[in-house]
file data39.txt (compact mmCIF, C-alpha atoms)
# COMPACT_ATOMS: atom_id res chain seq x y z
CA SER A 149 102.38 122.55 88.79
CA GLN A 150 103.06 120.81 92.07
CA GLU A 151 104.82 122.82 94.79
CA LEU A 152 106.25 119.61 96.17
CA GLU A 153 108.39 117.29 94.09
CA GLN A 154 108.27 113.61 94.92
CA SER A 155 110.72 111.01 93.71
CA PRO A 156 110.68 108.45 92.41
CA GLN A 157 107.34 108.55 90.60
CA SER A 158 107.06 104.80 91.06
CA LEU A 159 109.14 101.95 92.32
CA ILE A 160 109.03 98.17 92.45
CA VAL A 161 110.70 96.46 95.37
CA GLN A 162 111.19 92.84 96.28
CA GLU A 163 109.45 91.80 99.46
CA GLY A 164 111.83 92.15 102.38
CA LYS A 165 113.87 94.93 100.77
CA ASN A 166 114.05 98.52 101.95
CA LEU A 167 112.80 101.54 100.04
CA THR A 168 113.05 105.33 100.29
CA ILE A 169 110.79 108.04 98.92
CA ASN A 170 111.83 111.70 98.80
CA CYS A 171 109.81 114.89 98.94
CA THR A 172 111.40 118.27 98.15
CA SER A 173 110.22 121.87 98.24
CA SER A 174 111.94 125.11 97.32
CA LYS A 175 110.14 126.76 100.23
CA THR A 176 110.39 126.28 103.97
CA LEU A 177 107.71 123.92 105.18
CA TYR A 178 105.62 124.69 108.26
CA GLY A 179 104.47 121.08 108.48
CA LEU A 180 105.17 118.01 106.40
CA TYR A 181 102.67 115.17 106.22
CA TRP A 182 102.95 111.69 104.81
CA TYR A 183 99.85 109.84 103.65
CA LYS A 184 99.21 106.50 102.03
CA GLN A 185 96.46 105.97 99.47
CA LYS A 186 95.08 102.81 97.96
CA TYR A 187 93.91 103.29 94.38
CA GLY A 188 90.49 104.95 94.31
CA GLU A 189 90.33 105.43 98.07
CA GLY A 190 90.95 108.17 100.59
CA LEU A 191 94.22 109.15 102.24
CA ILE A 192 95.45 107.39 105.36
CA PHE A 193 97.49 109.60 107.68
CA LEU A 194 100.94 108.17 108.44
CA MET A 195 103.06 110.83 110.11
CA MET A 196 103.53 114.56 110.54
CA LEU A 197 106.84 116.37 110.97
CA GLN A 198 107.22 119.98 112.05
CA LYS A 199 110.67 120.62 113.41
CA GLY A 200 113.92 120.74 111.45
CA GLY A 201 115.83 117.50 111.92
CA GLU A 202 112.77 115.72 113.27
CA GLU A 203 112.45 111.98 112.77
CA LYS A 204 109.47 109.75 113.53
CA SER A 205 108.94 106.03 113.24
CA HIS A 206 105.89 103.82 113.25
CA GLU A 207 106.32 100.10 112.86
CA LYS A 208 108.62 99.73 109.83
CA ILE A 209 108.14 103.25 108.46
CA THR A 210 110.49 106.13 109.32
CA ALA A 211 110.08 109.72 108.17
CA LYS A 212 112.65 112.50 108.47
CA LEU A 213 112.56 116.25 107.89
CA ASP A 214 115.85 117.98 107.12
CA GLU A 215 117.24 120.84 109.20
CA LYS A 216 116.21 123.44 106.62
CA LYS A 217 112.66 122.02 106.57
CA GLN A 218 112.64 121.77 102.79
CA GLN A 219 113.17 118.08 102.26
CA SER A 220 111.69 114.93 103.74
CA SER A 221 112.22 111.24 103.23
CA LEU A 222 110.07 108.23 103.98
CA HIS A 223 111.89 104.96 104.54
CA ILE A 224 110.29 101.54 104.74
CA THR A 225 112.33 98.71 106.16
CA ALA A 226 111.82 95.10 105.10
CA SER A 227 108.86 95.89 102.83
CA GLN A 228 105.76 93.70 102.85
CA PRO A 229 102.84 93.39 100.40
CA SER A 230 100.78 95.52 102.80
CA HIS A 231 103.12 98.43 102.09
CA ALA A 232 101.99 98.60 98.46
CA GLY A 233 100.09 101.73 97.50
CA ILE A 234 100.53 105.38 96.66
CA TYR A 235 102.53 107.48 99.10
CA LEU A 236 101.82 111.19 99.14
CA CYS A 237 103.66 113.98 100.86
CA GLY A 238 101.65 117.03 101.78
CA ALA A 239 102.95 120.26 103.26
CA ASP A 240 101.75 123.47 104.84
CA ILE A 241 103.77 125.92 102.77
CA LYS A 242 102.19 129.21 103.79
CA ASP A 243 101.53 128.51 107.49
CA ASP A 244 97.81 128.65 106.82
CA TYR A 245 96.99 124.97 107.36
CA LYS A 246 96.14 124.31 103.71
CA LEU A 247 98.09 121.41 102.31
CA SER A 248 99.90 121.28 99.00
CA PHE A 249 100.67 117.78 97.77
CA GLY A 250 103.24 116.06 95.66
CA ALA A 251 102.10 113.88 92.76
CA GLY A 252 102.67 110.70 94.74
CA THR A 253 104.93 107.66 94.55
CA THR A 254 103.41 104.33 93.56
CA VAL A 255 104.99 101.46 95.46
CA THR A 256 104.69 97.87 94.25
CA VAL A 257 105.98 95.06 96.45
CA ARG A 258 106.78 91.83 94.64
CA ALA A 259 106.65 88.54 96.52
CA ASP B 40 83.42 104.56 113.28
CA THR B 41 84.29 108.15 114.15
CA GLY B 42 86.35 109.02 111.07
CA VAL B 43 85.49 111.39 108.24
CA SER B 44 82.67 110.08 106.07
CA GLN B 45 81.58 111.13 102.60
CA ASP B 46 78.47 110.42 100.60
CA PRO B 47 78.03 109.23 97.94
CA ARG B 48 81.18 107.26 97.26
CA HIS B 49 80.55 107.27 93.54
CA LYS B 50 78.49 109.53 91.30
CA ILE B 51 77.94 109.25 87.58
CA THR B 52 76.13 112.12 85.94
CA LYS B 53 75.52 113.61 82.54
CA ARG B 54 77.11 116.83 81.46
CA GLY B 55 75.02 119.80 82.47
CA GLN B 56 73.45 118.19 85.53
CA ASN B 57 73.94 119.43 89.09
CA VAL B 58 75.49 117.24 91.77
CA THR B 59 75.87 117.59 95.53
CA PHE B 60 78.29 115.80 97.81
CA ARG B 61 78.21 115.57 101.57
CA CYS B 62 81.03 115.36 104.11
CA ASP B 63 80.69 114.55 107.79
CA PRO B 64 83.90 115.45 109.64
CA ILE B 65 85.23 114.05 112.89
CA SER B 66 82.79 115.46 115.42
CA GLU B 67 85.06 117.72 117.48
CA HIS B 68 86.98 119.09 114.50
CA ASN B 69 86.45 122.77 113.74
CA ARG B 70 88.17 122.87 110.35
CA LEU B 71 86.85 121.20 107.24
CA TYR B 72 88.64 121.13 103.88
CA TRP B 73 87.67 120.14 100.36
CA TYR B 74 90.28 118.89 97.90
CA ARG B 75 90.07 117.57 94.36
CA GLN B 76 92.28 114.81 93.00
CA THR B 77 92.67 113.80 89.39
CA LEU B 78 94.29 110.61 88.18
CA GLY B 79 98.02 110.48 88.80
CA GLN B 80 98.10 113.70 90.79
CA GLY B 81 98.06 114.65 94.42
CA PRO B 82 95.01 116.37 95.92
CA GLU B 83 94.53 120.07 95.18
CA PHE B 84 93.01 122.44 97.71
CA LEU B 85 89.55 123.81 96.87
CA THR B 86 88.20 125.51 99.99
CA TYR B 87 88.05 125.31 103.76
CA PHE B 88 85.81 126.22 106.66
CA GLN B 89 86.53 127.20 110.23
CA ASN B 90 83.32 126.21 111.99
CA GLU B 91 80.58 127.57 109.68
CA ALA B 92 82.69 130.30 108.06
CA GLN B 93 84.18 129.68 104.64
CA LEU B 94 87.60 131.30 104.95
CA GLU B 95 89.23 130.69 101.61
CA LYS B 96 88.42 129.48 98.13
CA SER B 97 90.96 128.36 95.57
CA ARG B 98 91.01 129.76 92.05
CA LEU B 99 90.16 126.19 91.03
CA LEU B 100 86.71 126.76 92.49
CA SER B 101 84.78 128.31 89.61
CA ASP B 102 81.43 130.01 90.14
CA ARG B 103 79.74 126.70 89.30
CA PHE B 104 81.03 125.34 92.60
CA SER B 105 79.56 126.22 95.97
CA ALA B 106 80.27 124.83 99.40
CA GLU B 107 78.45 125.25 102.66
CA ARG B 108 78.83 124.24 106.27
CA PRO B 109 75.65 125.68 107.74
CA LYS B 110 75.92 124.59 111.35
CA GLY B 111 79.65 124.07 111.58
CA SER B 112 79.24 120.32 111.37
CA PHE B 113 78.67 118.57 108.02
CA SER B 114 79.46 120.27 104.73
CA THR B 115 78.09 120.07 101.21
CA LEU B 116 79.84 120.72 97.92
CA GLU B 117 77.59 121.43 94.95
CA ILE B 118 78.66 121.55 91.32
CA GLN B 119 76.21 123.15 88.91
CA ARG B 120 76.13 122.47 85.17
CA THR B 121 78.77 119.78 85.41
CA GLU B 122 81.43 119.52 82.74
CA GLN B 123 83.57 116.55 81.76
CA GLY B 124 86.57 118.32 83.25
CA ASP B 125 84.90 118.11 86.66
CA SER B 126 85.46 114.34 86.69
CA ALA B 127 87.72 113.68 89.66
CA MET B 128 87.86 112.37 93.20
CA TYR B 129 86.52 114.94 95.67
CA LEU B 130 88.12 114.53 99.08
CA CYS B 131 87.05 116.00 102.37
CA ALA B 132 89.35 116.37 105.37
CA SER B 133 88.94 117.71 108.88
CA SER B 134 91.23 118.89 111.64
CA LEU B 135 91.20 120.54 115.03
CA VAL B 136 92.89 123.92 115.13
CA GLY B 137 93.24 126.29 118.02
CA PRO B 138 95.35 127.34 121.01
CA GLY B 139 96.89 124.40 122.73
CA GLN B 140 95.69 121.95 120.10
CA GLY B 141 99.14 121.17 118.81
CA ALA B 142 99.61 119.64 115.39
CA ASN B 143 97.12 120.30 112.64
CA GLU B 144 96.76 116.74 111.44
CA GLN B 145 94.22 116.53 108.63
CA PHE B 146 92.23 113.33 108.46
CA PHE B 147 90.68 112.46 105.12
CA GLY B 148 87.46 110.78 104.16
CA PRO B 149 87.17 108.02 101.53
CA GLY B 150 86.29 110.50 98.79
CA THR B 151 83.50 110.84 96.25
CA ARG B 152 84.46 109.79 92.74
CA LEU B 153 82.60 111.89 90.17
CA THR B 154 82.31 110.80 86.55
CA VAL B 155 80.72 113.25 84.12
CA LEU B 156 79.60 111.66 80.86
call {"tool": "encode", "arguments": {"input": "data39.txt", "output": "structure tokens"}}
result
Amino acid sequence: SQELEQSPQSLIVQEGKNLTINCTSSKTLYGLYWYKQKYGEGLIFLMMLQKGGEEKSHEKITAKLDEKKQQSSLHITASQPSHAGIYLCGADIKDDYKLSFGAGTTVTVRA
Amino acid sequence: DTGVSQDPRHKITKRGQNVTFRCDPISEHNRLYWYRQTLGQGPEFLTYFQNEAQLEKSRLLSDRFSAERPKGSFSTLEIQRTEQGDSAMYLCASSLVGPGQGANEQFFGPGTRLTVL
């Protein structure tokens, strides 16, 4: 079973619309990582959050970590076809640098 | 390109055969991780090295699996007597860990997709 729950499992969004992906753990997270994966390929690092309440942005992607460090969200503004792929959250749950991952969210952007 | 590289990218083998995969991490990174990913799931931790020392192995890593990092640089993952259940994407990641290094960002390679017939 996954120690991180991601929702939704998949989503289809019209190009130009916003989308949000959530990642939840029952345990305090020592680090929360967001990755993007194209089908059959490796993981591309997007962002890392460590502090409660932390928020980071890169281009049109914003990630937040809640104050309790148990929940994170990834928000994409004005989605584009290049945003399509599988988004994975990974977390250091035991403060030992190993990452546990959610099952991923498949994003489809329709023109 | 100075990212993490893996070889081969794809491997098809028959059940019972042995296979070996190679990972070359980012050169200054002291930590190297192996993960396994099956279809529709996130990666699952297998093992990791700090320099040449293998510090932890997951229960997923049966005795048919062995990993090495002999000189603290590249690593190999060998699977003996492959089974159909071993079919998966094997991912390697590396990071730099230590005093004053800050965040432990793990950078992943492109993966080796193993198909056991």
call {"tool": "residues_around", "arguments": {"input": "data39.txt", "residues": "Asp63 in chain B", "least_positions_apart": "3", "cutoff": "7 Å", "atoms": "all atoms listed in the file", "output": "CSV table (one decimal) with C-alpha atoms, in the frame of the given file"}}
result
chain,number,residue,atom,x,y,z
B,43,VAL,CA,85.5,111.4,108.2
B,44,SER,CA,82.7,110.1,106.1
B,45,GLN,CA,81.6,111.1,102.6
B,112,SER,CA,79.2,120.3,111.4
B,113,PHE,CA,78.7,118.6,108.0
B,114,SER,CA,79.5,120.3,104.7
call {"tool": "closest_residue", "arguments": {"input": "data39.txt", "among": "B:Met128, B:Ile65, B:Leu156, B:Val58", "to": "chain A", "atoms": "only C-alpha atoms"}}
result
B:Met128
call {"tool": "interface_residues", "arguments": {"input": "data39.txt", "of": "chain B", "to": "chain A", "cutoff": "8 Å", "atoms": "all atoms listed in the file", "output": "MDAnalysis selection string"}}
result
chainID B and resid 79:84 128 130 143:150 152
call {"tool": "atom_distance", "arguments": {"input": "data39.txt", "atom1": "CA of Pro229 in chain A", "atom2": "CA of Glu207 in chain A"}}
result
14.6 Å
call {"tool": "residues_around", "arguments": {"input": "data39.txt", "residues": "Thr86 in chain B", "least_positions_apart": "6", "cutoff": "6 Å", "atoms": "only C-alpha atoms", "output": "count of residues only"}}
result
5
call {"tool": "axis_aligned_box", "arguments": {"input": "data39.txt", "around": "range 66-84 of chain B", "padding_each_side": "5 Å", "output": "AutoDock Vina command-line options"}}
result
--center_x 90.4 --center_y 116.7 --center_z 102.8 --size_x 25.3 --size_y 22.4 --size_z 39.3
call {"tool": "atom_distance", "arguments": {"input": "data39.txt", "atom1": "CA of Val155 in chain B", "atom2": "CA of Arg54 in chain B"}}
result
5.7 Å
call {"tool": "residues_around", "arguments": {"input": "data39.txt", "residues": "Phe60 in chain B", "least_positions_apart": "5", "cutoff": "7 Å", "atoms": "only C-alpha atoms", "output": "PDB file with C-alpha atoms, in the coordinates of the input"}}
result
ATOM      1  CA  ASP B  46      78.470 110.420 100.600  1.00  0.00           C
ATOM      2  CA  PRO B  47      78.030 109.230  97.940  1.00  0.00           C
ATOM      3  CA  THR B 115      78.090 120.070 101.210  1.00  0.00           C
ATOM      4  CA  LEU B 116      79.840 120.720  97.920  1.00  0.00           C
ATOM      5  CA  GLU B 117      77.590 121.430  94.950  1.00  0.00           C
TER       6      GLU B 117
END
call {"tool": "closest_residue", "arguments": {"input": "data39.txt", "among": "A:Gln154, A:Gln218, A:Thr210, A:Ser230", "to": "Leu167 in chain A", "atoms": "all atoms listed in the file"}}
result
A:Thr210
call {"tool": "atom_distance", "arguments": {"input": "data39.txt", "atom1": "CA of Gln219 in chain A", "atom2": "CA of Asp243 in chain A"}}
result
16.5 Å
call {"tool": "residues_around", "arguments": {"input": "data39.txt", "residues": "Lys199 in chain A", "least_positions_apart": "2", "cutoff": "8 Å", "atoms": "all atoms listed in the file", "output": "JSON, numbers by chain"}}
result
{"A": [179, 197, 201, 202, 213, 215, 217]}
call {"tool": "residues_near_point", "arguments": {"input": "data39.txt", "point": "(107.0, 96.8, 106.1)", "cutoff": "10 Å", "atoms": "only C-alpha atoms", "output": "list in words"}}
result
Glu163, Gly164, Lys165, Asn166, Leu167, Glu207, Lys208, Ile209, His223, Ile224, Thr225, Ala226, Ser227, Gln228, Pro229, Ser230, His231, Ala232 and Val257 of chain A
call {"tool": "write_last_selection", "arguments": {"input": "data39.txt", "atoms": "C-alpha atoms", "output": "compact mmCIF listing (two decimals), in the frame of the given file"}}
result
# COMPACT_ATOMS: atom_id res chain seq x y z
CA GLU A 163 109.45 91.80 99.46
CA GLY A 164 111.83 92.15 102.38
CA LYS A 165 113.87 94.93 100.77
CA ASN A 166 114.05 98.52 101.95
CA LEU A 167 112.80 101.54 100.04
CA GLU A 207 106.32 100.10 112.86
CA LYS A 208 108.62 99.73 109.83
CA ILE A 209 108.14 103.25 108.46
CA HIS A 223 111.89 104.96 104.54
CA ILE A 224 110.29 101.54 104.74
CA THR A 225 112.33 98.71 106.16
CA ALA A 226 111.82 95.10 105.10
CA SER A 227 108.86 95.89 102.83
CA GLN A 228 105.76 93.70 102.85
CA PRO A 229 102.84 93.39 100.40
CA SER A 230 100.78 95.52 102.80
CA HIS A 231 103.12 98.43 102.09
CA ALA A 232 101.99 98.60 98.46
CA VAL A 257 105.98 95.06 96.45
call {"tool": "build_atoms", "arguments": {"input": "data39.txt", "residues": "range 221-232 of chain A", "atoms": "N, CA, C and O atoms", "output": "PDB file, in the frame of the given file"}}
result
ATOM      1  N   SER A 221     112.119 112.577 103.793  1.00  0.00           N
ATOM      2  CA  SER A 221     112.220 111.240 103.230  1.00  0.00           C
ATOM      3  C   SER A 221     111.361 110.285 104.040  1.00  0.00           C
ATOM      4  O   SER A 221     111.146 110.480 105.242  1.00  0.00           O
ATOM      5  N   LEU A 222     110.849 109.292 103.352  1.00  0.00           N
ATOM      6  CA  LEU A 222     110.070 108.230 103.980  1.00  0.00           C
ATOM      7  C   LEU A 222     110.778 106.921 103.662  1.00  0.00           C
ATOM      8  O   LEU A 222     111.016 106.612 102.490  1.00  0.00           O
ATOM      9  N   HIS A 223     111.122 106.190 104.710  1.00  0.00           N
ATOM     10  CA  HIS A 223     111.890 104.960 104.540  1.00  0.00           C
ATOM     11  C   HIS A 223     111.085 103.795 105.080  1.00  0.00           C
ATOM     12  O   HIS A 223     110.573 103.858 106.209  1.00  0.00           O
ATOM     13  N   ILE A 224     110.978 102.753 104.288  1.00  0.00           N
ATOM     14  CA  ILE A 224     110.290 101.540 104.740  1.00  0.00           C
ATOM     15  C   ILE A 224     111.318 100.413 104.806  1.00  0.00           C
ATOM     16  O   ILE A 224     112.033 100.143 103.824  1.00  0.00           O
ATOM     17  N   THR A 225     111.382  99.794 105.945  1.00  0.00           N
ATOM     18  CA  THR A 225     112.330  98.710 106.160  1.00  0.00           C
ATOM     19  C   THR A 225     111.642  97.360 105.975  1.00  0.00           C
ATOM     20  O   THR A 225     110.513  97.172 106.426  1.00  0.00           O
ATOM     21  N   ALA A 226     112.336  96.460 105.295  1.00  0.00           N
ATOM     22  CA  ALA A 226     111.820  95.100 105.100  1.00  0.00           C
ATOM     23  C   ALA A 226     110.387  95.125 104.579  1.00  0.00           C
ATOM     24  O   ALA A 226     109.453  94.676 105.253  1.00  0.00           O
ATOM     25  N   SER A 227     110.202  95.659 103.384  1.00  0.00           N
ATOM     26  CA  SER A 227     108.860  95.890 102.830  1.00  0.00           C
ATOM     27  C   SER A 227     108.036  94.603 102.766  1.00  0.00           C
ATOM     28  O   SER A 227     108.548  93.501 102.564  1.00  0.00           O
ATOM     29  N   GLN A 228     106.723  94.795 102.909  1.00  0.00           N
ATOM     30  CA  GLN A 228     105.760  93.700 102.850  1.00  0.00           C
ATOM     31  C   GLN A 228     104.677  94.054 101.834  1.00  0.00           C
ATOM     32  O   GLN A 228     104.506  95.233 101.492  1.00  0.00           O
ATOM     33  N   PRO A 229     103.929  93.089 101.357  1.00  0.00           N
ATOM     34  CA  PRO A 229     102.840  93.390 100.400  1.00  0.00           C
ATOM     35  C   PRO A 229     101.884  94.458 100.922  1.00  0.00           C
ATOM     36  O   PRO A 229     101.331  95.233 100.133  1.00  0.00           O
ATOM     37  N   SER A 230     101.691  94.519 102.236  1.00  0.00           N
ATOM     38  CA  SER A 230     100.780  95.520 102.800  1.00  0.00           C
ATOM     39  C   SER A 230     101.298  96.942 102.644  1.00  0.00           C
ATOM     40  O   SER A 230     100.537  97.901 102.813  1.00  0.00           O
ATOM     41  N   HIS A 231     102.559  97.095 102.301  1.00  0.00           N
ATOM     42  CA  HIS A 231     103.120  98.430 102.090  1.00  0.00           C
ATOM     43  C   HIS A 231     102.836  98.962 100.682  1.00  0.00           C
ATOM     44  O   HIS A 231     103.109 100.128 100.403  1.00  0.00           O
ATOM     45  N   ALA A 232     102.290  98.154  99.828  1.00  0.00           N
ATOM     46  CA  ALA A 232     101.990  98.600  98.460  1.00  0.00           C
ATOM     47  C   ALA A 232     100.911  99.669  98.480  1.00  0.00           C
ATOM     48  O   ALA A 232      99.967  99.620  99.276  1.00  0.00           O
TER      49      ALA A 232
END
